[in-house]
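Coordinates from work_3.txt are shown below (compact mmCIF, C-alpha atoms).
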# COMPACT_ATOMS: atom_id res chain seq x y z
CA MET A 1 73.05 97.45 91.30
CA VAL A 2 73.96 94.02 92.66
CA LYS A 3 73.15 93.70 96.37
CA ASP A 4 75.37 91.46 98.47
CA HIS A 5 72.53 90.55 100.85
CA SER A 6 70.49 88.85 98.11
CA LEU A 7 72.00 85.48 97.18
CA ALA A 8 69.34 84.96 94.53
CA LEU A 9 70.24 88.19 92.73
CA LEU A 10 73.95 87.50 93.04
CA THR A 11 73.62 83.98 91.70
CA GLU A 12 71.46 85.18 88.82
CA GLU A 13 73.99 87.89 87.95
CA ALA A 14 76.87 85.39 88.06
CA HIS A 15 74.99 82.95 85.80
CA ARG A 16 74.74 85.63 83.12
CA CYS A 17 78.50 85.37 82.55
CA MET A 18 79.03 83.49 79.25
CA LYS A 19 82.71 82.78 80.05
CA CYS A 20 83.57 84.49 76.75
CA GLY A 21 86.86 85.88 78.02
CA ASN A 22 86.36 89.48 76.89
CA CYS A 23 87.41 90.55 80.39
CA GLN A 24 90.86 89.06 79.75
CA ALA A 25 91.53 91.70 77.12
CA VAL A 26 90.97 94.62 79.51
CA CYS A 27 91.96 93.30 82.95
CA PRO A 28 95.30 94.80 84.11
CA ILE A 29 95.75 91.99 86.65
CA TYR A 30 95.27 89.24 84.06
CA LYS A 31 97.56 90.92 81.56
CA THR A 32 100.26 90.84 84.22
CA VAL A 33 99.80 87.48 85.98
CA GLN A 34 98.26 85.53 83.05
CA ASN A 35 96.23 83.46 85.50
CA GLU A 36 92.51 82.69 85.24
CA MET A 37 92.02 83.53 88.92
CA GLY A 38 93.24 87.05 88.15
CA VAL A 39 90.41 87.84 85.74
CA ALA A 40 86.69 88.50 86.27
CA ARG A 41 85.59 85.24 84.61
CA GLY A 42 87.60 83.19 87.08
CA LYS A 43 86.48 85.23 90.07
CA ILE A 44 82.83 84.91 89.09
CA HIS A 45 83.24 81.12 89.15
CA LEU A 46 84.80 81.34 92.63
CA ALA A 47 82.08 83.75 93.76
CA GLN A 48 79.43 81.16 92.91
CA LEU A 49 81.16 78.71 95.26
CA ILE A 50 81.19 81.36 97.98
CA PHE A 51 77.52 82.27 97.53
CA ASN A 52 76.65 78.57 97.72
CA LYS A 53 78.55 78.47 101.05
CA ASP A 54 80.94 75.82 99.84
CA GLN A 55 83.06 75.26 102.96
CA LYS A 56 86.14 74.58 100.85
CA ALA A 57 85.84 78.09 99.45
CA LEU A 58 85.39 79.96 102.74
CA ASN A 59 89.01 80.47 103.76
CA ARG A 60 91.80 83.03 103.89
CA ASN A 61 93.31 81.76 100.64
CA MET A 62 90.07 82.64 98.90
CA GLN A 63 90.18 86.11 100.47
CA ARG A 64 93.69 86.56 99.08
CA LEU A 65 92.53 85.53 95.61
CA PHE A 66 89.76 88.13 95.71
CA GLU A 67 92.30 90.76 96.70
CA LEU A 68 93.68 90.41 93.16
CA CYS A 69 91.29 92.97 91.74
CA LEU A 70 91.88 96.68 91.24
CA ASN A 71 88.15 97.51 91.19
CA CYS A 72 88.91 99.40 87.97
CA MET A 73 85.56 98.26 86.48
CA ALA A 74 87.05 97.68 83.01
CA CYS A 75 85.58 94.16 82.98
CA SER A 76 82.05 95.41 83.64
CA GLU A 77 82.34 98.22 81.10
CA ASN A 78 83.45 95.80 78.38
CA CYS A 79 81.19 92.82 79.17
CA PRO A 80 78.93 92.05 76.17
CA CYS A 81 76.31 90.60 78.54
CA GLY A 82 76.39 93.58 80.90
CA VAL A 83 77.51 91.47 83.86
CA GLN A 84 78.49 93.69 86.79
CA ALA A 85 81.59 91.69 87.61
CA ASP A 86 83.02 94.41 89.85
CA GLN A 87 79.89 94.29 92.02
CA ILE A 88 79.99 90.49 92.20
CA ILE A 89 83.60 90.70 93.38
CA LEU A 90 82.73 93.31 96.02
CA ALA A 91 79.82 91.16 97.18
CA ALA A 92 82.08 88.10 97.43
CA ARG A 93 84.56 90.09 99.51
CA ALA A 94 81.75 91.23 101.82
CA PHE A 95 80.47 87.64 102.10
CA LEU A 96 83.95 86.42 103.07
CA VAL A 97 84.35 89.19 105.65
CA ARG A 98 81.03 88.23 107.24
CA GLU A 99 82.14 84.60 107.40
CA LEU A 100 85.81 85.05 108.31
CA GLY A 101 86.28 88.66 109.40
CA LEU A 102 89.03 90.94 108.12
CA PRO A 103 92.67 89.91 108.52
CA ALA A 104 94.25 91.62 111.54
CA GLY A 105 96.28 94.19 109.59
CA LYS A 106 93.36 95.30 107.47
CA ARG A 107 91.05 95.35 110.47
CA PHE A 108 93.42 97.75 112.27
CA ALA A 109 93.75 100.02 109.22
CA MET A 110 89.98 100.08 108.64
CA GLN A 111 89.30 100.93 112.29
CA ILE A 112 91.55 103.98 111.95
CA LEU A 113 89.87 105.09 108.72
CA SER A 114 86.39 104.66 110.16
CA HIS A 115 87.01 106.90 113.20
CA PRO A 116 87.80 110.53 112.31
CA LEU A 117 89.63 111.16 115.59
CA TYR A 118 91.78 108.04 115.16
CA ALA A 119 92.61 109.05 111.59
CA GLN A 120 93.61 112.57 112.69
CA LEU A 121 95.75 111.25 115.55
CA ALA A 122 97.41 108.64 113.33
CA ALA A 123 98.16 111.17 110.59
CA GLY A 124 99.51 113.69 113.11
CA THR A 125 101.73 111.11 114.79
CA LEU A 126 103.06 109.76 111.50
CA CYS A 127 103.69 113.27 110.22
CA LYS A 128 105.89 114.07 113.24
CA ALA A 129 107.71 110.72 113.01
CA GLN A 130 108.10 110.48 109.22
CA GLY A 131 111.56 112.07 109.32
CA LEU A 132 112.79 109.18 111.46
CA PHE A 133 111.61 106.49 109.08
CA PHE A 134 111.95 108.23 105.72
CA LYS A 135 114.58 110.34 103.98
CA LYS A 136 113.98 113.07 101.44
CA VAL A 137 114.67 112.22 97.79
CA PRO A 138 113.70 113.93 94.51
CA GLY A 139 109.94 113.64 94.16
CA GLY A 140 109.19 112.75 97.80
CA MET A 141 110.74 110.45 100.37
CA LYS A 142 111.98 106.86 100.71
CA ALA A 143 112.20 104.44 103.62
CA ARG A 144 115.49 104.60 105.53
CA PHE A 145 115.34 100.90 106.43
CA PRO A 146 113.04 97.92 105.74
CA LEU A 147 109.50 98.44 106.99
CA PRO A 148 106.95 95.63 107.58
CA VAL A 149 104.71 96.67 104.67
CA SER A 150 105.53 95.54 101.14
CA GLY A 151 104.63 98.90 99.61
CA LEU A 152 107.07 100.77 101.85
CA ASP A 153 110.27 99.12 100.65
CA PHE A 154 113.43 100.94 99.64
CA ARG A 155 112.32 101.59 96.07
CA ARG A 156 109.05 103.33 96.68
CA VAL A 157 108.91 107.12 96.61
CA LEU A 158 106.07 108.52 98.73
CA PRO A 159 104.76 112.05 99.22
CA PRO A 160 105.23 113.44 102.72
CA LEU A 161 102.24 113.84 105.00
CA ALA A 162 101.06 117.44 105.24
CA ALA A 163 102.26 119.36 108.28
CA VAL A 164 98.75 120.82 108.59
CA PRO A 165 95.77 118.86 107.16
CA PHE A 166 93.58 120.75 104.73
CA LEU A 167 90.53 120.67 107.00
CA LYS A 168 92.56 122.31 109.78
CA GLN A 169 93.51 125.26 107.56
CA ALA A 170 90.38 125.67 105.42
CA PRO A 171 87.63 128.14 106.38
CA GLU A 172 84.36 126.49 107.38
CA CYS A 173 82.69 128.81 104.90
CA LEU A 174 84.43 130.70 102.11
CA GLN A 175 82.14 133.67 101.61
CA VAL A 176 82.10 135.82 98.50
CA SER A 177 80.00 138.81 97.59
CA PRO A 178 78.03 138.72 95.46
CA SER A 179 77.72 134.95 95.35
CA ARG A 180 76.72 133.18 92.13
CA LEU A 181 76.33 129.72 93.66
CA ARG A 182 76.68 128.00 97.02
CA VAL A 183 78.44 124.61 97.16
CA ALA A 184 79.80 122.20 99.76
CA PHE A 185 83.26 120.75 99.34
CA PHE A 186 84.10 117.15 100.20
CA ALA A 187 87.90 116.99 100.38
CA GLY A 188 88.65 113.30 100.97
CA CYS A 189 91.52 111.73 102.92
CA VAL A 190 94.29 112.14 100.33
CA THR A 191 93.61 115.86 99.87
CA ASN A 192 93.22 116.36 103.60
CA PHE A 193 96.35 114.55 104.78
CA ILE A 194 98.71 114.46 101.78
CA TYR A 195 97.88 117.05 99.11
CA PRO A 196 96.23 119.99 100.90
CA GLY A 197 97.33 122.19 98.00
CA VAL A 198 94.60 120.55 95.92
CA GLY A 199 91.97 121.81 98.38
CA THR A 200 93.55 125.25 98.47
CA ALA A 201 93.60 125.41 94.66
CA MET A 202 89.94 124.38 94.56
CA LEU A 203 89.00 127.19 96.94
CA GLU A 204 90.99 129.70 94.87
CA LEU A 205 89.12 128.66 91.74
CA MET A 206 85.78 128.93 93.51
CA GLN A 207 86.58 132.34 94.94
CA SER A 208 87.74 133.68 91.57
CA HIS A 209 84.40 132.60 90.08
CA GLN A 210 82.26 134.07 92.88
CA ILE A 211 81.25 130.70 94.34
CA GLU A 212 80.54 130.42 98.07
CA VAL A 213 82.01 127.22 99.54
CA VAL A 214 81.03 125.41 102.73
CA VAL A 215 83.71 123.02 104.05
CA PRO A 216 82.14 120.88 106.81
CA PRO A 217 84.90 120.23 109.38
CA GLN A 218 83.16 117.03 110.56
CA GLN A 219 83.67 115.25 107.22
CA HIS A 220 85.87 112.15 107.23
CA CYS A 221 86.82 109.22 105.00
CA CYS A 222 84.12 108.53 102.40
CA GLY A 223 84.05 104.85 103.41
CA THR A 224 84.90 103.40 100.01
CA PRO A 225 88.08 101.67 101.25
CA LEU A 226 86.01 99.76 103.79
CA LEU A 227 83.34 98.89 101.25
CA ILE A 228 85.92 97.67 98.75
CA HIS A 229 87.63 95.52 101.37
CA GLY A 230 84.33 93.94 102.38
CA ASP A 231 83.41 95.79 105.59
CA ARG A 232 80.02 96.80 104.27
CA GLU A 233 78.43 97.50 107.64
CA THR A 234 81.02 100.06 108.70
CA ALA A 235 80.87 101.63 105.24
CA ARG A 236 77.10 101.99 105.72
CA GLN A 237 77.65 103.81 109.03
CA MET A 238 80.10 106.19 107.36
CA ALA A 239 77.66 106.83 104.52
CA ARG A 240 74.93 107.59 107.05
CA SER A 241 77.22 110.05 108.84
CA HIS A 242 78.00 112.00 105.67
CA ILE A 243 74.40 112.06 104.52
CA ASP A 244 73.49 113.55 107.90
CA ILE A 245 76.32 116.14 107.75
CA PHE A 246 75.66 117.36 104.21
CA SER A 247 71.86 117.22 104.47
CA GLN A 248 72.02 119.87 107.19
CA ILE A 249 73.69 122.43 104.89
CA SER A 250 71.02 124.69 103.46
CA ASP A 251 70.63 126.11 99.95
CA LEU A 252 73.27 123.95 98.28
CA ASP A 253 73.59 124.07 94.52
CA ALA A 254 76.17 121.26 94.47
CA ILE A 255 78.51 119.05 96.46
CA VAL A 256 81.90 119.21 94.77
CA THR A 257 84.59 116.54 95.04
CA VAL A 258 88.20 116.40 93.82
CA CYS A 259 88.52 112.60 93.89
CA GLY A 260 86.65 110.14 91.69
CA THR A 261 86.50 107.56 94.48
CA CYS A 262 84.91 110.02 96.90
CA GLY A 263 82.53 111.29 94.23
CA GLU A 264 81.53 107.74 93.38
CA ALA A 265 80.78 107.12 97.06
CA PHE A 266 78.26 109.97 97.13
CA THR A 267 76.73 109.36 93.69
CA ARG A 268 76.72 105.58 93.52
CA TYR A 269 77.35 103.80 96.81
CA TYR A 270 75.57 105.91 99.44
CA PRO A 271 72.07 105.48 97.98
CA GLU A 272 72.67 101.75 97.54
CA LEU A 273 74.05 101.30 101.07
CA LEU A 274 71.11 103.17 102.64
CA GLN A 275 68.26 101.82 100.53
CA ASP A 276 66.79 99.81 103.43
CA SER A 277 65.89 103.08 105.20
CA PRO A 278 63.43 105.08 103.06
CA ALA A 279 64.20 108.45 104.68
CA GLU A 280 67.97 108.00 104.54
CA TYR A 281 67.77 106.64 101.01
CA GLU A 282 65.81 109.67 99.85
CA ASN A 283 68.36 112.05 101.42
CA ALA A 284 71.20 110.06 99.86
CA ARG A 285 69.50 110.11 96.48
CA GLN A 286 68.99 113.89 96.62
CA LEU A 287 72.61 114.50 97.61
CA ALA A 288 73.82 112.09 94.91
CA ALA A 289 71.99 114.18 92.32
CA LYS A 290 73.83 117.29 93.54
CA THR A 291 77.29 115.71 93.71
CA CYS A 292 79.78 116.35 90.94
CA ASP A 293 83.50 116.25 90.31
CA VAL A 294 85.21 119.63 90.16
CA SER A 295 85.81 119.17 86.41
CA GLN A 296 82.07 118.63 85.90
CA PHE A 297 81.32 121.68 87.99
CA PHE A 298 83.51 124.04 85.98
CA SER A 299 82.39 122.52 82.69
CA SER A 300 78.65 122.90 83.23
CA LEU A 301 77.37 124.52 86.44
CA ALA A 302 79.91 127.36 86.52
CA PRO A 303 81.80 127.42 83.22
CA LEU A 304 85.43 128.49 83.52
CA ASP A 305 86.09 132.17 82.83
CA ARG A 306 88.90 132.01 80.27
CA GLN A 307 89.60 135.72 80.64
CA LYS A 308 90.91 135.05 84.14
CA LEU A 309 93.50 132.54 82.91
CA LYS A 310 97.08 133.55 82.15
CA PRO A 311 99.24 131.65 79.62
CA LEU A 312 101.15 128.56 80.70
CA GLN A 313 103.79 127.32 78.26
CA LEU A 314 103.38 123.61 79.01
CA LYS A 315 102.84 120.41 77.10
CA VAL A 316 100.23 118.53 79.15
CA THR A 317 98.73 115.04 79.06
CA TYR A 318 95.93 113.55 81.17
CA HIS A 319 95.49 110.24 83.01
CA SER A 320 91.84 109.20 83.44
CA PRO A 321 91.21 107.72 86.93
CA CYS A 322 89.07 104.57 86.92
CA HIS A 323 86.54 105.68 89.55
CA LEU A 324 86.13 109.07 87.91
CA THR A 325 85.89 107.75 84.36
CA ARG A 326 83.87 104.58 84.94
CA GLY A 327 82.41 105.19 88.39
CA MET A 328 81.17 108.76 87.86
CA ARG A 329 81.10 108.70 84.04
CA VAL A 330 83.28 111.81 83.90
CA LYS A 331 85.62 111.52 80.93
CA GLU A 332 86.10 114.59 78.76
CA GLN A 333 85.40 117.46 81.12
CA ALA A 334 88.90 117.74 82.61
CA ILE A 335 90.49 117.59 79.16
CA GLU A 336 88.16 120.36 77.94
CA LEU A 337 89.23 122.54 80.88
CA ILE A 338 92.93 121.88 80.25
CA LYS A 339 92.53 122.88 76.60
CA GLN A 340 91.03 126.22 77.65
CA ILE A 341 94.27 127.36 79.31
CA PRO A 342 96.18 129.73 77.00
CA GLY A 343 99.56 128.44 75.91
CA VAL A 344 98.95 124.84 76.99
CA GLU A 345 99.59 122.19 74.35
CA PHE A 346 97.43 119.14 75.16
CA VAL A 347 98.81 115.74 74.11
CA PRO A 348 96.43 112.75 74.36
CA LEU A 349 97.81 109.94 76.51
CA ARG A 350 97.83 106.51 74.94
CA GLU A 351 95.54 104.17 76.93
CA ALA A 352 94.56 107.09 79.16
CA GLU A 353 91.78 105.05 80.81
CA ARG A 354 94.00 102.06 81.60
CA CYS A 355 94.36 101.58 85.38
CA CYS A 356 97.68 102.77 86.82
CA GLY A 357 97.73 99.90 89.33
CA GLY A 358 97.39 102.05 92.43
CA ALA A 359 93.86 101.15 93.54
CA GLY A 360 94.23 102.67 96.99
CA SER A 361 95.87 100.18 99.34
CA PHE A 362 96.50 97.63 96.55
CA SER A 363 99.84 99.28 95.83
CA LEU A 364 100.80 98.78 99.47
CA THR A 365 99.75 95.16 99.82
CA HIS A 366 100.81 94.07 96.31
CA TYR A 367 103.57 96.51 95.49
CA GLU A 368 105.52 94.43 92.97
CA LEU A 369 102.41 93.55 90.96
CA SER A 370 101.24 97.15 91.22
CA ARG A 371 104.57 98.39 89.82
CA GLN A 372 104.38 96.00 86.89
CA ILE A 373 100.90 97.31 86.00
CA LEU A 374 102.11 100.89 86.41
CA GLN A 375 105.01 100.43 83.99
CA GLN A 376 102.81 100.63 80.88
CA LYS A 377 101.35 103.91 82.15
CA ILE A 378 104.84 105.33 82.70
CA ASN A 379 105.90 104.19 79.22
CA ASN A 380 102.90 105.96 77.71
CA ILE A 381 103.65 109.16 79.64
CA ALA A 382 107.23 109.05 78.37
CA ALA A 383 105.98 108.56 74.81
CA SER A 384 103.75 111.64 75.13
CA GLN A 385 106.84 113.81 75.81
CA ALA A 386 104.64 115.93 78.07
CA ASP A 387 106.05 118.37 80.62
CA ALA A 388 103.22 117.56 83.02
CA VAL A 389 100.68 114.81 83.55
CA VAL A 390 97.36 115.87 85.08
CA THR A 391 94.87 113.64 86.83
CA GLY A 392 91.75 113.92 89.01
CA CYS A 393 92.66 111.37 91.70
CA GLY A 394 95.10 111.69 94.57
CA ALA A 395 95.75 107.95 94.79
CA CYS A 396 96.58 107.80 91.06
CA ARG A 397 98.84 110.79 91.56
CA MET A 398 100.79 109.01 94.31
CA GLN A 399 101.16 105.90 92.18
CA ILE A 400 102.26 107.70 89.02
CA ALA A 401 104.61 110.00 90.97
CA ASP A 402 106.36 106.91 92.32
CA GLY A 403 106.78 105.50 88.81
CA LEU A 404 108.12 108.79 87.46
CA ALA A 405 110.59 109.08 90.33
CA GLN A 406 111.77 105.47 89.89
CA GLN A 407 112.76 106.28 86.33
CA ASN A 408 114.08 109.79 87.04
CA MET A 409 111.58 111.35 84.65
CA PRO A 410 111.39 115.16 85.07
CA VAL A 411 107.63 115.26 84.53
CA LYS A 412 105.37 117.26 86.85
CA ILE A 413 102.23 115.57 88.13
CA LEU A 414 99.31 117.77 89.13
CA HIS A 415 95.65 117.63 89.98
CA THR A 416 93.41 119.32 87.43
CA VAL A 417 92.52 122.12 89.85
CA GLU A 418 96.19 122.82 90.59
CA LEU A 419 96.88 123.37 86.90
CA LEU A 420 93.86 125.69 86.64
CA ALA A 421 94.89 127.60 89.78
CA SER A 422 98.40 128.01 88.32
CA ALA A 423 96.82 129.54 85.23
CA LEU A 424 94.88 131.95 87.45
CA GLN A 425 98.11 133.10 89.04
CA GLY A 426 100.27 132.83 85.95
CA ASN A 427 102.72 130.48 87.71
CA GLN A 428 104.59 128.13 85.38
Would it be possible to restate this file's structure as structure tokens?
Amino acid sequence: MVKDHSLALLTEEAHRCMKCGNCQAVCPIYKTVQNEMGVARGKIHLAQLIFNKDQKALNRNMQRLFELCLNCMACSENCPCGVQADQIILAARAFLVRELGLPAGKRFAMQILSHPLYAQLAAGTLCKAQGLFFKKVPGGMKARFPLPVSGLDFRRVLPPLAAVPFLKQAPECLQVSPSRLRVAFFAGCVTNFIYPGVGTAMLELMQSHQIEVVVPPQQHCCGTPLLIHGDRETARQMARSHIDIFSQISDLDAIVTVCGTCGEAFTRYYPELLQDSPAEYENARQLAAKTCDVSQFFSSLAPLDRQKLKPLQLKVTYHSPCHLTRGMRVKEQAIELIKQIPGVEFVPLREAERCCGGAGSFSLTHYELSRQILQQKINNIAASQADAVVTGCGACRMQIADGLAQQNMPVKILHTVELLASALQGNQ
């Protein structure tokens, strides 16, 4: 793992880049903008200037150039030299934030995400006011008038905020008797504030399989948005908070997530962020070893009971989220679960692992570019002729749902656990 506090390691990693251009073939940004600064090779060159503290490179324009990255990790996965370009880019962002700070808008957004109370108050206020600013349309809602954020223009279709967040309605402990396993559930912001039905479906699946679930009410944002935008110190504080919360839960067989980004935070980033504290690092490492995506959980730890599933007459395809597929190395498990549902016809999605262009806030700050990247995904979904597209990431779901709505495509989009819960209930 590249560490942004070690200039020697960063410089050495950057020098390993042979400038071969393989990253051009897989970078969604480059394929769209056709500009060298949009690809990993170009950013690695700029990162070297930053790490050398070239004063001409330490400016807001450079920060904006480094924003042109989806953190999809396709460049690192396909680099013949094994260069961790995604980590170099994250380190460069963190270096720029230390030198220049975050732009005002991002700083405000990150402050809200980093304080659980602020996030709850903001979500509650926006939920009550969303009817004033947005109107209902098929598939979600659209802005009534221009709003000062590029991703909230008239075209974009957004899901409504949940009237009651998942953590406000979920039991602190879902007890079953007898209990086969005991797990903790990390919901994540998108499930909590936008798609609480995903959390409910997860609990239904667990209960049907005799799994006891602890849902810590103190949990909050995983911190990955702050880490990705360069606020490494605040991300470290958030990692420390979650390690403390989940370490206090006794007799855990697993920590289960329903979002690849959140799962990657626990399995990949928390140990790295806390490595300077031996005790915290050891706790983070132990929790990382127990953390798994829900599709991993029902594929290995508690295999799905097919006898509980009722037939669903659906043609289904699957979009592979970047942070789940490349970050957590979870690729086939969700597809295997989908194929176990009676009546479901699974259709492979062309370029299933290609980024949809959402990348969290990227689709808000760079909406037009994000839409152009998304278009290929929508074309591939249309070509599949599927009735439903399933994914394991709430942010991807929001992005793809917008694209489907823009083109009036009558295709359902579901989280993997929602499809499985529908099969439990026999709901089409």
message: Let me make sure I understand: among A:Ala14, A:Val97, A:Ala423, A:Cys393, which one has the smallest atom-to-atom distance to A:Ile338 if we use all atoms listed in the file?
response: A:Ala423
message: Restricting the calculation to all atoms listed in the file: of A:Val213, A:Leu273, A:Ala170, A:Ala388, which residue gets closest to A:Pro196?
response: A:Ala170
query: Taking (100.7, 112.4, 75.7) in the file's coordinates as the center, which residues reach within 6 Å of it, counting all atoms listed in the file, put as an MDAnalysis selection string?
result: chainID A and resid 317 347:349 381 384 386
message: What's around stretch 217-231 of chain A at 9 Å? Count only C-alpha atoms, leave out sequence neighbours fewer than 2 positions away in its own chain, and write the answer as a ChimeraX atom specification.
response: /A:67,71,90-98,101-102,106,110,113-116,119,167-168,170-172,186-189,215,233-239,241-242,245-246,261-266,269,360-361
- request: Please identify all polymer residues within 12 Å of stretch 286-290 of chain A, counting all atoms listed in the file, omitting same-chain residues fewer than 4 positions from it, and present them as an MDAnalysis selection string.
  value: chainID A and resid 182:185 239:240 242:257 262:272 279:282 296:297 301 328
statement: Taken to one decimal, the atom CA of A:Glu351-atom CA of A:Gln87 distance is 23.9 Å
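Shortest atom-to-atom contact with A:Gln406 among A:Ala359, A:Leu369, A:Val316, A:Met141: A:Met141, counting all atoms listed in the file.
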field: From A:Pro103, A:Pro311, A:Pro146, A:Gly358, residue lying nearest A:Gln425 [all atoms listed in the file]
entry: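 For A:Gln425, the nearest of the given residues is A:Pro311.
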query: So, counting only C-alpha atoms, which residue among A:Ile413, A:Val294, A:Ser320, A:Ala122 is closest to A:Phe108?
result: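 Using only C-alpha atoms, the shortest distance to A:Phe108 belongs to A:Ala122.
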Listed atoms of stretch 278-283 of chain A boxed along x, y and z, 3 Å each side, centre and edge lengths in Å, one decimal, as lines of an AutoDock Vina configuration file:
center_x = 65.9
center_y = 108.6
center_z = 102.3
size_x = 10.9
size_y = 13.0
size_z = 10.8
- request: Please provide as a list of chain:residue names all residues within 10 Å of A:Gln207, with the sequence filter that same-chain residues fewer than 3 positions apart are discarded (counting only C-alpha atoms).
  value: A:Leu174, A:Gln175, A:Val176, A:Ser177, A:Ser179, A:Ala201, A:Met202, A:Leu203, A:Glu204, A:Gln210, A:Ile211, A:Glu212, A:Val213
query: Hey, what's within 8 Å of stretch 398-404 of chain A if we count all atoms listed in the file and toss same-chain stuff fewer than 4 positions away? As number ranges by chain, please?
result: A: 139, 156-159, 356-358, 363, 371, 374-375, 377-378, 394, 408-411, 413
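Distances to A:Thr325 were evaluated for A:His45, A:Val214, A:Ala74, A:Phe362 using only C-alpha atoms, and the minimum falls at A:Ala74.
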- request: Extract, using only C-alpha atoms, all DNA, RNA and protein residues at most 9 Å from A:Val417, discarding same-chain residues fewer than 5 positions from it, and format them as a VMD selection string.
  value: chain A and resid 198 to 199 201 to 202 205 258 294 to 295 392 422
query: atom CA of A:Arg155 and atom CA of A:Lys142, how far apart in Å?
result: 7.0 Å
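From atom CA of A:Ala57 back to atom CA of A:Gly42, the distance works out to 13.5 Å.
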